[in-house]
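Undergrad: The following file, run17.cif, comprises mmCIF, C-alpha atoms:
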```
data_entry
#
loop_
_atom_site.label_atom_id
_atom_site.label_comp_id
_atom_site.auth_asym_id
_atom_site.auth_seq_id
_atom_site.Cartn_x
_atom_site.Cartn_y
_atom_site.Cartn_z
CA MET L 1209 -44.73 -104.23 23.83
CA ASP L 1210 -42.08 -101.57 23.20
CA VAL L 1211 -43.75 -98.54 21.64
CA GLU L 1212 -40.44 -97.20 20.29
CA ALA L 1213 -39.75 -100.53 18.61
CA MET L 1214 -43.20 -100.34 17.01
CA ARG L 1215 -42.52 -96.77 15.91
CA THR L 1216 -39.23 -97.91 14.40
CA PHE L 1217 -40.95 -100.69 12.47
CA VAL L 1218 -43.49 -98.28 11.01
CA THR L 1219 -40.73 -95.87 10.01
CA VAL L 1220 -38.73 -98.62 8.25
CA ALA L 1221 -41.89 -99.81 6.51
CA GLU L 1222 -42.61 -96.30 5.24
CA THR L 1223 -39.04 -95.40 4.20
CA GLY L 1224 -38.09 -98.86 2.90
CA GLN L 1225 -34.56 -98.65 4.36
CA PHE L 1226 -33.03 -99.16 7.80
CA GLN L 1227 -30.61 -96.29 7.32
CA ALA L 1228 -33.33 -93.88 6.22
CA ALA L 1229 -35.37 -94.86 9.28
CA ALA L 1230 -32.33 -94.34 11.49
CA ASP L 1231 -31.82 -90.84 10.06
CA GLU L 1232 -35.46 -89.93 10.58
CA LEU L 1233 -35.53 -91.22 14.15
CA GLY L 1234 -32.14 -89.76 15.05
CA ILE L 1235 -30.62 -93.09 16.09
CA SER L 1236 -28.01 -95.42 14.62
CA GLN L 1237 -28.75 -98.11 12.04
CA GLN L 1238 -27.59 -100.65 14.60
CA ALA L 1239 -30.21 -99.38 17.05
CA VAL L 1240 -32.89 -99.72 14.37
CA SER L 1241 -31.88 -103.32 13.71
CA LYS L 1242 -31.89 -104.10 17.44
CA ARG L 1243 -35.37 -102.64 17.93
CA ILE L 1244 -36.79 -104.57 14.99
CA ALA L 1245 -35.19 -107.80 16.22
CA THR L 1246 -36.67 -107.24 19.70
CA LEU L 1247 -40.14 -106.62 18.26
CA GLU L 1248 -39.97 -109.68 16.01
CA LYS L 1249 -38.83 -111.84 18.94
CA HIS L 1250 -41.74 -110.54 21.06
CA LEU L 1251 -44.26 -111.30 18.29
CA GLY L 1252 -42.64 -114.55 17.17
CA VAL L 1253 -42.77 -113.60 13.49
CA THR L 1254 -40.58 -111.93 10.85
CA LEU L 1255 -41.82 -108.47 10.00
CA LEU L 1256 -39.14 -107.18 7.63
CA VAL L 1257 -37.03 -108.94 5.06
CA ARG L 1258 -33.74 -107.34 4.02
CA THR L 1259 -33.07 -107.05 0.28
CA SER L 1260 -30.30 -105.64 -1.86
CA ARG L 1261 -32.37 -102.49 -2.25
CA GLY L 1262 -33.24 -102.09 1.42
CA SER L 1263 -36.08 -103.98 3.08
CA ARG L 1264 -39.60 -105.13 2.40
CA MET L 1265 -42.39 -106.22 4.66
CA SER L 1266 -43.24 -109.85 5.06
CA LEU L 1267 -46.87 -110.95 4.91
CA ASP L 1268 -46.96 -110.76 8.73
CA GLY L 1269 -45.45 -107.30 8.52
CA GLN L 1270 -48.16 -106.18 6.10
CA VAL L 1271 -50.86 -107.45 8.46
CA PHE L 1272 -49.19 -105.86 11.49
CA LEU L 1273 -48.55 -102.40 9.97
CA PRO L 1274 -52.08 -100.88 10.11
CA HIS L 1275 -52.52 -102.07 13.71
CA ALA L 1276 -49.15 -100.60 14.68
CA LYS L 1277 -50.15 -97.26 13.17
CA LYS L 1278 -53.39 -97.26 15.15
CA VAL L 1279 -51.50 -97.98 18.36
CA LEU L 1280 -49.05 -95.14 17.74
CA THR L 1281 -51.92 -92.75 16.97
CA THR L 1282 -53.62 -93.71 20.23
CA VAL L 1283 -50.39 -93.22 22.17
CA GLU L 1284 -49.91 -89.78 20.63
CA GLN L 1285 -53.49 -88.81 21.49
CA ALA L 1286 -53.03 -90.01 25.07
CA GLU L 1287 -49.83 -88.00 25.46
CA GLN L 1288 -51.43 -84.92 23.96
CA ALA L 1289 -54.44 -85.21 26.30
CA VAL L 1290 -52.33 -84.72 29.41
CA ARG L 1291 -49.75 -82.25 28.18
CA PRO L 1292 -49.97 -78.99 30.18
CA GLY L 1293 -52.64 -76.81 28.65
CA SER L 1294 -54.15 -79.54 26.51
CA ARG L 1295 -56.99 -80.27 28.93
CA PRO L 1296 -59.13 -77.90 31.01
CA LEU L 1297 -57.79 -76.73 34.35
CA ARG L 1298 -60.13 -78.27 36.94
CA VAL L 1299 -60.67 -75.87 39.85
CA ASP L 1300 -62.69 -76.51 43.01
CA VAL L 1301 -64.44 -73.27 44.04
CA LEU L 1302 -66.40 -74.88 46.94
CA ASN L 1303 -69.64 -73.02 46.23
CA ARG L 1304 -70.71 -71.11 43.14
CA ARG L 1305 -72.08 -68.13 45.08
CA ILE L 1306 -68.95 -67.17 47.00
CA ALA L 1307 -65.74 -65.24 46.38
CA PRO L 1308 -63.57 -67.97 44.77
CA ALA L 1309 -66.22 -68.75 42.18
CA GLN L 1310 -66.67 -65.07 41.42
CA ALA L 1311 -62.90 -64.58 41.12
CA VAL L 1312 -62.52 -67.53 38.76
CA TYR L 1313 -65.46 -66.27 36.71
CA ARG L 1314 -63.90 -62.80 36.41
CA PHE L 1315 -60.66 -64.46 35.33
CA TYR L 1316 -62.51 -66.38 32.63
CA ARG L 1317 -64.35 -63.26 31.48
CA SER L 1318 -61.04 -61.42 31.16
CA GLN L 1319 -59.39 -64.30 29.27
CA PRO L 1320 -62.16 -66.39 27.64
CA GLU L 1321 -59.63 -68.37 25.63
CA MET L 1322 -58.51 -70.07 28.84
CA ASN L 1323 -59.72 -73.67 29.08
CA LEU L 1324 -60.99 -74.34 32.60
CA ASP L 1325 -63.66 -76.26 34.46
CA ALA L 1326 -65.07 -74.97 37.78
CA VAL L 1327 -66.38 -77.65 40.14
CA THR L 1328 -67.68 -77.65 43.72
CA LEU L 1329 -66.39 -80.21 46.21
CA SER L 1330 -68.88 -78.90 48.76
CA LYS L 1331 -68.89 -82.06 50.89
CA GLU L 1332 -65.12 -82.10 51.50
CA ASN L 1333 -63.29 -80.19 54.19
CA ALA L 1334 -59.91 -78.54 53.58
CA ALA L 1335 -57.84 -81.65 54.28
CA GLN L 1336 -60.00 -83.73 51.96
CA ALA L 1337 -59.82 -81.08 49.25
CA ALA L 1338 -56.03 -81.04 49.53
CA ARG L 1339 -56.05 -84.83 49.08
CA ALA L 1340 -58.23 -84.41 45.99
CA VAL L 1341 -55.59 -82.04 44.58
CA LEU L 1342 -52.81 -84.53 45.33
CA ASP L 1343 -54.80 -87.38 43.80
CA GLY L 1344 -55.48 -85.39 40.64
CA THR L 1345 -59.25 -85.26 41.10
CA VAL L 1346 -58.87 -81.49 40.73
CA ASP L 1347 -55.90 -79.34 39.79
CA ALA L 1348 -56.55 -76.66 42.39
CA SER L 1349 -58.88 -75.82 45.25
CA PHE L 1350 -59.72 -72.67 47.20
CA ARG L 1351 -59.48 -73.79 50.84
CA ALA L 1352 -57.41 -73.15 53.93
CA LEU L 1353 -55.15 -75.31 56.03
CA PRO L 1354 -52.90 -74.47 58.96
CA ALA L 1355 -49.33 -74.40 57.69
CA GLY L 1356 -48.46 -77.51 59.67
CA GLN L 1357 -51.28 -79.45 57.97
CA VAL L 1358 -50.42 -78.66 54.36
CA PRO L 1359 -49.44 -82.06 52.89
CA ALA L 1360 -46.12 -82.61 51.18
CA GLY L 1361 -46.54 -81.93 47.49
CA ILE L 1362 -49.09 -79.12 47.96
CA ARG L 1363 -48.42 -75.47 47.27
CA ALA L 1364 -50.62 -73.14 49.37
CA GLU L 1365 -50.96 -69.47 48.40
CA ARG L 1366 -53.11 -66.85 50.12
CA LEU L 1367 -54.48 -65.00 47.12
CA LEU L 1368 -58.03 -64.02 47.98
CA ASP L 1369 -59.36 -62.33 51.13
CA ALA L 1370 -63.11 -61.79 51.51
CA PRO L 1371 -64.32 -59.15 54.00
CA LEU L 1372 -67.43 -60.11 55.95
CA GLU L 1373 -70.72 -58.25 55.90
CA LEU L 1374 -73.79 -58.52 58.11
CA LEU L 1375 -77.04 -59.44 56.34
CA VAL L 1376 -80.28 -58.47 58.10
CA GLY L 1377 -83.94 -57.76 57.42
CA PRO L 1378 -85.43 -54.23 57.35
CA SER L 1379 -86.73 -54.38 60.93
CA HIS L 1380 -83.46 -55.46 62.52
CA PRO L 1381 -81.97 -52.88 64.96
CA LEU L 1382 -78.86 -52.54 62.78
CA ALA L 1383 -80.71 -52.37 59.46
CA ASP L 1384 -80.10 -48.67 58.87
CA VAL L 1385 -76.51 -48.25 60.06
CA PRO L 1386 -73.94 -47.54 57.31
CA TRP L 1387 -71.48 -49.97 58.91
CA ALA L 1388 -70.95 -51.83 62.16
CA ARG L 1389 -68.13 -53.06 64.36
CA PRO L 1390 -67.90 -56.79 65.05
CA ALA L 1391 -68.31 -55.93 68.74
CA ASP L 1392 -71.66 -54.28 67.90
CA LEU L 1393 -73.01 -57.71 66.98
CA ALA L 1394 -72.70 -59.02 70.54
CA GLY L 1395 -76.15 -59.81 71.87
CA HIS L 1396 -77.63 -60.34 68.40
CA ARG L 1397 -78.33 -63.86 67.14
CA ILE L 1398 -76.26 -64.68 64.07
CA TRP L 1399 -77.67 -67.74 62.34
CA ILE L 1400 -75.59 -69.68 59.82
CA PRO L 1401 -77.32 -72.98 59.10
CA GLY L 1402 -75.18 -75.73 57.67
CA ILE L 1403 -71.98 -75.27 59.66
CA ARG L 1404 -70.50 -78.76 59.91
CA PRO L 1405 -68.23 -79.67 62.87
CA GLY L 1406 -64.68 -80.48 61.87
CA THR L 1407 -64.59 -78.13 58.90
CA GLU L 1408 -62.28 -75.16 58.53
CA TRP L 1409 -65.23 -72.77 58.30
CA ALA L 1410 -66.62 -74.12 61.59
CA ALA L 1411 -63.25 -73.36 63.19
CA PHE L 1412 -63.34 -69.87 61.68
CA TYR L 1413 -66.75 -69.01 63.11
CA GLN L 1414 -65.77 -70.44 66.47
CA ALA L 1415 -62.71 -68.18 66.57
CA LEU L 1416 -64.80 -65.20 65.44
CA SER L 1417 -67.35 -65.85 68.19
CA GLU L 1418 -64.68 -66.06 70.86
CA ALA L 1419 -62.82 -62.97 69.65
CA PHE L 1420 -65.84 -60.64 69.73
CA GLY L 1421 -68.25 -62.35 72.12
CA LEU L 1422 -70.74 -63.21 69.39
CA SER L 1423 -73.58 -65.71 69.35
CA ILE L 1424 -73.17 -67.66 66.09
CA ASP L 1425 -75.16 -70.86 65.75
CA ALA L 1426 -76.34 -73.37 63.18
CA LEU L 1427 -79.36 -74.56 65.14
CA GLY L 1428 -82.36 -75.94 63.31
CA PRO L 1429 -82.75 -77.61 59.92
CA ASN L 1430 -81.08 -76.11 56.88
CA PHE L 1431 -83.67 -75.54 54.16
CA GLY L 1432 -81.30 -73.65 51.88
CA ASP L 1433 -80.42 -70.07 51.02
CA GLU L 1434 -83.93 -69.00 50.00
CA ALA L 1435 -85.41 -70.16 53.31
CA LEU L 1436 -82.72 -68.24 55.20
CA MET L 1437 -83.49 -65.07 53.23
CA ASP L 1438 -87.18 -65.50 54.04
CA ALA L 1439 -86.38 -65.89 57.75
CA LEU L 1440 -84.20 -62.76 57.78
CA ALA L 1441 -86.89 -60.69 56.07
CA ASP L 1442 -89.50 -61.71 58.65
CA SER L 1443 -87.30 -61.25 61.74
CA ASP L 1444 -86.34 -58.22 63.80
CA ALA L 1445 -83.63 -60.17 65.63
CA LEU L 1446 -82.04 -62.61 63.20
CA ALA L 1447 -78.85 -61.87 61.23
CA THR L 1448 -76.32 -63.82 59.21
CA LEU L 1449 -72.87 -63.23 57.73
CA VAL L 1450 -71.90 -63.14 54.07
CA GLY L 1451 -68.75 -62.39 52.13
CA SER L 1452 -68.68 -58.97 50.51
CA GLY L 1453 -68.48 -60.48 47.04
CA ASP L 1454 -70.93 -63.33 47.57
CA ARG L 1455 -73.90 -63.39 45.22
CA TYR L 1456 -77.31 -64.00 46.74
CA VAL L 1457 -80.67 -63.09 45.27
CA TRP L 1458 -83.87 -62.41 47.18
CA PRO L 1459 -87.23 -60.84 46.33
CA GLN L 1460 -87.18 -57.07 46.27
CA THR L 1461 -89.93 -57.02 48.88
CA HIS L 1462 -87.55 -58.65 51.40
CA ASP L 1463 -85.55 -55.40 51.50
CA LEU L 1464 -82.55 -57.15 53.07
CA ARG L 1465 -79.57 -54.98 54.05
CA ARG L 1466 -75.86 -55.78 53.61
CA ILE L 1467 -73.87 -53.94 56.26
CA PRO L 1468 -70.05 -53.73 56.05
CA LEU L 1469 -68.09 -54.63 59.17
CA ARG L 1470 -65.21 -52.38 60.23
CA GLU L 1471 -62.84 -51.62 63.11
CA PRO L 1472 -61.67 -54.28 62.50
CA THR L 1473 -62.92 -55.93 59.32
CA PRO L 1474 -63.13 -59.72 59.67
CA VAL L 1475 -61.88 -61.48 56.57
CA TYR L 1476 -62.00 -65.02 55.28
CA THR L 1477 -58.67 -66.00 53.79
CA HIS L 1478 -59.10 -68.14 50.69
CA VAL L 1479 -55.95 -70.10 49.93
CA LEU L 1480 -55.26 -71.60 46.52
CA LEU L 1481 -54.05 -75.19 46.88
CA SER L 1482 -52.27 -76.80 43.92
CA ARG L 1483 -49.73 -79.53 43.32
CA THR L 1484 -46.15 -78.42 43.79
CA GLY L 1485 -44.53 -77.94 40.41
CA ASP L 1486 -47.79 -78.01 38.42
CA GLN L 1487 -47.00 -76.18 35.18
CA HIS L 1488 -50.50 -76.01 33.71
CA PRO L 1489 -50.48 -72.67 31.85
CA VAL L 1490 -54.05 -71.82 32.90
CA LEU L 1491 -53.09 -72.30 36.57
CA THR L 1492 -50.16 -69.92 36.08
CA ALA L 1493 -52.45 -67.38 34.41
CA LEU L 1494 -55.04 -67.73 37.21
CA ARG L 1495 -52.38 -67.08 39.87
CA ASP L 1496 -51.19 -63.98 38.02
CA HIS L 1497 -54.77 -62.73 37.66
CA LEU L 1498 -55.49 -63.19 41.36
CA ARG L 1499 -52.30 -61.38 42.34
CA THR L 1500 -52.90 -58.39 40.09
CA SER L 1501 -56.64 -58.07 40.70
CA ARG L 1502 -56.65 -58.44 44.47
CA LEU L 1503 -58.95 -55.94 46.10
CA ARG L 1504 -57.27 -53.95 48.81
CA THR L 1505 -58.65 -54.89 52.21
CA PRO L 1506 -58.73 -52.39 55.08
CA ASP L 1507 -55.56 -52.05 57.11
CA ASP L 1508 -57.37 -53.08 60.30
CA VAL L 1509 -58.46 -56.58 59.29
CA TRP L 1510 -59.06 -59.48 61.65
CA ALA L 1511 -58.48 -63.16 61.00
CA PRO L 1512 -57.81 -65.97 63.46
CA ASP L 1513 -54.15 -65.77 62.48
CA ARG L 1514 -52.70 -62.43 61.42
CA THR L 1515 -49.81 -64.03 59.51
CA ASP L 1516 -50.09 -65.30 55.94
CA ARG L 1517 -50.60 -68.77 57.31
CA PRO L 1518 -54.01 -70.01 56.13
CA ILE L 1519 -56.44 -70.22 59.00
CA GLY L 1520 -59.99 -70.35 57.77
CA SER L 1521 -62.10 -70.66 54.69
CA PRO L 1522 -65.71 -69.82 54.16
CA GLY L 1523 -68.28 -72.35 53.41
CA SER L 1524 -70.95 -70.53 51.57
CA GLY L 1525 -72.88 -67.79 52.67
CA ALA L 1526 -73.61 -66.68 54.89
CA VAL L 1527 -70.39 -68.00 53.73
CA SER L 1528 -71.51 -71.41 54.86
CA LEU L 1529 -75.11 -71.87 54.00
CA SER L 1530 -76.76 -74.83 52.34
CA ALA L 1531 -73.72 -75.84 50.34
CA MET L 1532 -71.98 -76.81 53.54
CA THR L 1533 -74.51 -79.33 54.76
#
```
So, in terms of structure tokens, how does the structure I just supplied come out?

TA:
Amino acid sequence: MDVEAMRTFVTVAETGQFQAAADELGISQQAVSKRIATLEKHLGVTLLVRTSRGSRMSLDGQVFLPHAKKVLTTVEQAEQAVRPGSRPLRVDVLNRRIAPAQAVYRFYRSQPEMNLDAVTLSKENAAQAARAVLDGTVDASFRALPAGQVPAGIRAERLLDAPLELLVGPSHPLADVPWARPADLAGHRIWIPGIRPGTEWAAFYQALSEAFGLSIDALGPNFGDEALMDALADSDALATLVGSGDRYVWPQTHDLRRIPLREPTPVYTHVLLSRTGDQHPVLTALRDHLRTSRLRTPDDVWAPDRTDRPIGSPGSGAVSLSAMT
């Protein structure tokens, strides 16, 4: 059924004249007559009867009018629901403990009037998250894809870099150093449970291991973040990696130490994926916020690819802890 024809009928019924309806709708009287005739032919009834004073509704028209108004109201509500800015911006932050979630939260705190919804597609890798963006499951996702793997229709922007830190217990040999070089970690076991093969964060840690001769593994069952913190506190040899802005909580008695990495500083490059041409005003505001609030990273940073091409994204915490299983 033609919605515009239905709208025209309602307008004629309310104004009582074809010409008045034409003026209100911004079309010709002939177009009004044609729309009404089309609607009546579709329904198989006469809705309006012309008179010397204009028009009046037939009995069928009187029955049809309230239903037509309900349909038009529903159509208007449906259109309003998907207009840019009318619904929350749905953003995948991968894991609520890591840098993207913290950045989105700071954005919301700075502009609480912004309507957004943070979700975690923790089971999807970067390619699957990009597909979720294309399909409209989410409006945006913080992931990373090699430039050649970014699907058509996706805009990829490197807007958030997270420097890595070493996390160790109080008896670890590096527990009391103010900072460490990635090369200093050679010979120490770095445990990151939950790294899944085929994910972009698995590729990142593989490249990091090869670049600095590190021993990074995901051996053993993953019992979650708390179990990892317990293991670090009790070990004089175990370490893990976390993003500098990641939020993890452990008992004060654990006395865990976060040690910055320098010369160079390894960084995870979080890339914001969104649909090309998406004009959602909250997405535009989020981009602007990320650009203006970016923390300056050291000049001597390391990433698997030193260009702006996305190359790796953290998982969770140890930027890929339990959320990545």

Undergrad: Can you build me a table of range 1259-1365 of chain L residues sitting at most 12 Å from range 1469-1476 of chain L, with the closest atom pair per residue and its distance in Å to one decimal, using all atoms listed in the file, sorted by chain and residue number, as CSV?

TA:
```
residue,atom,partner,partner_atom,distance
L:Ile1306,CA,L:Tyr1476,CA,11.0
L:Ala1307,CA,L:Tyr1476,CA,9.7
L:Pro1308,CA,L:Tyr1476,CA,11.0
L:Phe1350,CA,L:Tyr1476,CA,11.4
L:Arg1351,CA,L:Tyr1476,CA,10.1
L:Ala1352,CA,L:Tyr1476,CA,9.4
```

Undergrad: What separation in Å, quoted to one decimal, exists between CA of Thr1254 in chain L and CA of Gln1270 in chain L?

TA: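 Computing the Euclidean distance for CA of Thr1254 in chain L and CA of Gln1270 in chain L yields 10.6 Å.
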
Undergrad: As a list in words, please: the residues near Gly1485 in chain L (cut-off 12 Å, all atoms listed in the file, same-chain neighbours under 5 positions excluded).

TA: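 Counting all atoms listed in the file, the residues come to Pro1292, Leu1342, Asp1347, Ala1360, Gly1361, Ile1362, Arg1363, Ala1364, Leu1491 and Thr1492 of chain L.
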
Undergrad: Between L:Leu1494, L:Leu1382, L:Met1214, L:Leu1374, which is the closest to Leu1480 in chain L once you count only C-alpha atoms?

TA: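 Going through L:Leu1494, L:Leu1382, L:Met1214, L:Leu1374 one by one, the smallest distance to Leu1480 in chain L is for L:Leu1494.
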
Undergrad: Can you tell me, as a ChimeraX atom specification, what residues are no more than 9 Å from range 1255-1264 of chain L when counting only C-alpha atoms, ignoring any on the same chain fewer than 5 positions away?

TA: /L:1217,1220-1221,1224-1227,1244,1247-1248,1269-1270,1272

Undergrad: Quick one: residues within 12 Å of Leu1280 in chain L, only C-alpha atoms counted, chain neighbours fewer than 5 positions away excluded, as a ChimeraX atom specification?

TA: /L:1209-1219,1273-1275,1285-1287

Undergrad: Keeping C-alpha atoms, export the residues of the selection given above as a compact mmCIF listing (two decimals), keeping the file's coordinate frame.

TA:
```
# COMPACT_ATOMS: atom_id res chain seq x y z
CA MET L 1209 -44.73 -104.23 23.83
CA ASP L 1210 -42.08 -101.57 23.20
CA VAL L 1211 -43.75 -98.54 21.64
CA GLU L 1212 -40.44 -97.20 20.29
CA ALA L 1213 -39.75 -100.53 18.61
CA MET L 1214 -43.20 -100.34 17.01
CA ARG L 1215 -42.52 -96.77 15.91
CA THR L 1216 -39.23 -97.91 14.40
CA PHE L 1217 -40.95 -100.69 12.47
CA VAL L 1218 -43.49 -98.28 11.01
CA THR L 1219 -40.73 -95.87 10.01
CA LEU L 1273 -48.55 -102.40 9.97
CA PRO L 1274 -52.08 -100.88 10.11
CA HIS L 1275 -52.52 -102.07 13.71
CA GLN L 1285 -53.49 -88.81 21.49
CA ALA L 1286 -53.03 -90.01 25.07
CA GLU L 1287 -49.83 -88.00 25.46
```

Undergrad: Taking only residues of range 1276-1392 of chain L that have an atom at most 8 Å from an atom of range 1433-1443 of chain L, what is each one's shortest atom pair and its distance in Å to one decimal, using all atoms listed in the file, in chain and number order, as a tab-separated table?

TA:
```
residue	atom	partner	partner_atom	distance
L:Val1376	CA	L:Leu1440	CA	5.8
L:Gly1377	CA	L:Ala1441	CA	4.4
L:Pro1378	CA	L:Ala1441	CA	6.7
L:Ser1379	CA	L:Ser1443	CA	6.9
L:His1380	CA	L:Ser1443	CA	7.0
```

Undergrad: Could the residues in this selection be saved with C-alpha atoms as a PDB file, in the coordinates of the input?

TA:
```pdb
ATOM      1  CA  VAL L1376     -80.280 -58.470  58.100  1.00  0.00           C
ATOM      2  CA  GLY L1377     -83.940 -57.760  57.420  1.00  0.00           C
ATOM      3  CA  PRO L1378     -85.430 -54.230  57.350  1.00  0.00           C
ATOM      4  CA  SER L1379     -86.730 -54.380  60.930  1.00  0.00           C
ATOM      5  CA  HIS L1380     -83.460 -55.460  62.520  1.00  0.00           C
TER       6      HIS L1380
END
```

Undergrad: So how far away is CA of Arg1305 in chain L from CA of Asp1425 in chain L, in Å?

TA: 21.1 Å

Undergrad: For a quick check of understanding, using only C-alpha atoms, which of L:Gln1310, L:Thr1246, L:Thr1282, L:Thr1477 has the smallest distance to Arg1366 in chain L?

TA: L:Thr1477

Undergrad: Rounded to one decimal in Å, what is the spacing between CA of Lys1331 in chain L and CA of Asn1303 in chain L?

TA: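 Computing it gives 10.2 Å between the two atoms.
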
Undergrad: Could you write out as lines of an AutoDock Vina configuration file the box around range 1431-1435 of chain L (axis-aligned, all atoms listed in the file, 4 Å on each side), with centre and edge lengths in Å to one decimal?

TA:
```
center_x = -82.9
center_y = -72.3
center_z = 52.1
size_x = 13.0
size_y = 14.5
size_z = 12.2
```

Undergrad: Quick one: of L:Pro1468, L:Gly1402, L:Pro1489, L:Pro1354, who's nearest to Pro1512 in chain L, counting all atoms listed in the file?

TA: L:Pro1354

Undergrad: Once the PyMOL selection byres ((chain L and resi 1428) around 10) is applied to the coordinates I shared, what remains selected? I want it as a list in words.

TA: Trp1399, Ile1400, Pro1401, Gly1402, Asp1425, Ala1426, Leu1427, Pro1429, Asn1430 and Phe1431 of chain L

Undergrad: Name the closest residue to Ala1334 in chain L among the candidates L:Ala1370, L:Leu1464, L:Leu1353, L:Ala1239; distances are taken between atoms, counting only C-alpha atoms.

TA: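 Closest residue, counting only C-alpha atoms: L:Leu1353.
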
Undergrad: Considering all atoms listed in the file, can you say which of L:Val1479, L:Leu1375, L:Arg1404, L:Asp1300 comes closest to Trp1458 in chain L?

TA: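 That would be L:Leu1375, the residue with the smallest distance to Trp1458 in chain L.
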
Undergrad: Name the closest residue to Tyr1413 in chain L among the candidates L:Ala1326, L:Val1271, L:Ala1511, L:Ala1355; distances are taken between atoms, counting all atoms listed in the file.

TA: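 Comparing L:Ala1326, L:Val1271, L:Ala1511, L:Ala1355 against Tyr1413 in chain L, the winner is L:Ala1511.
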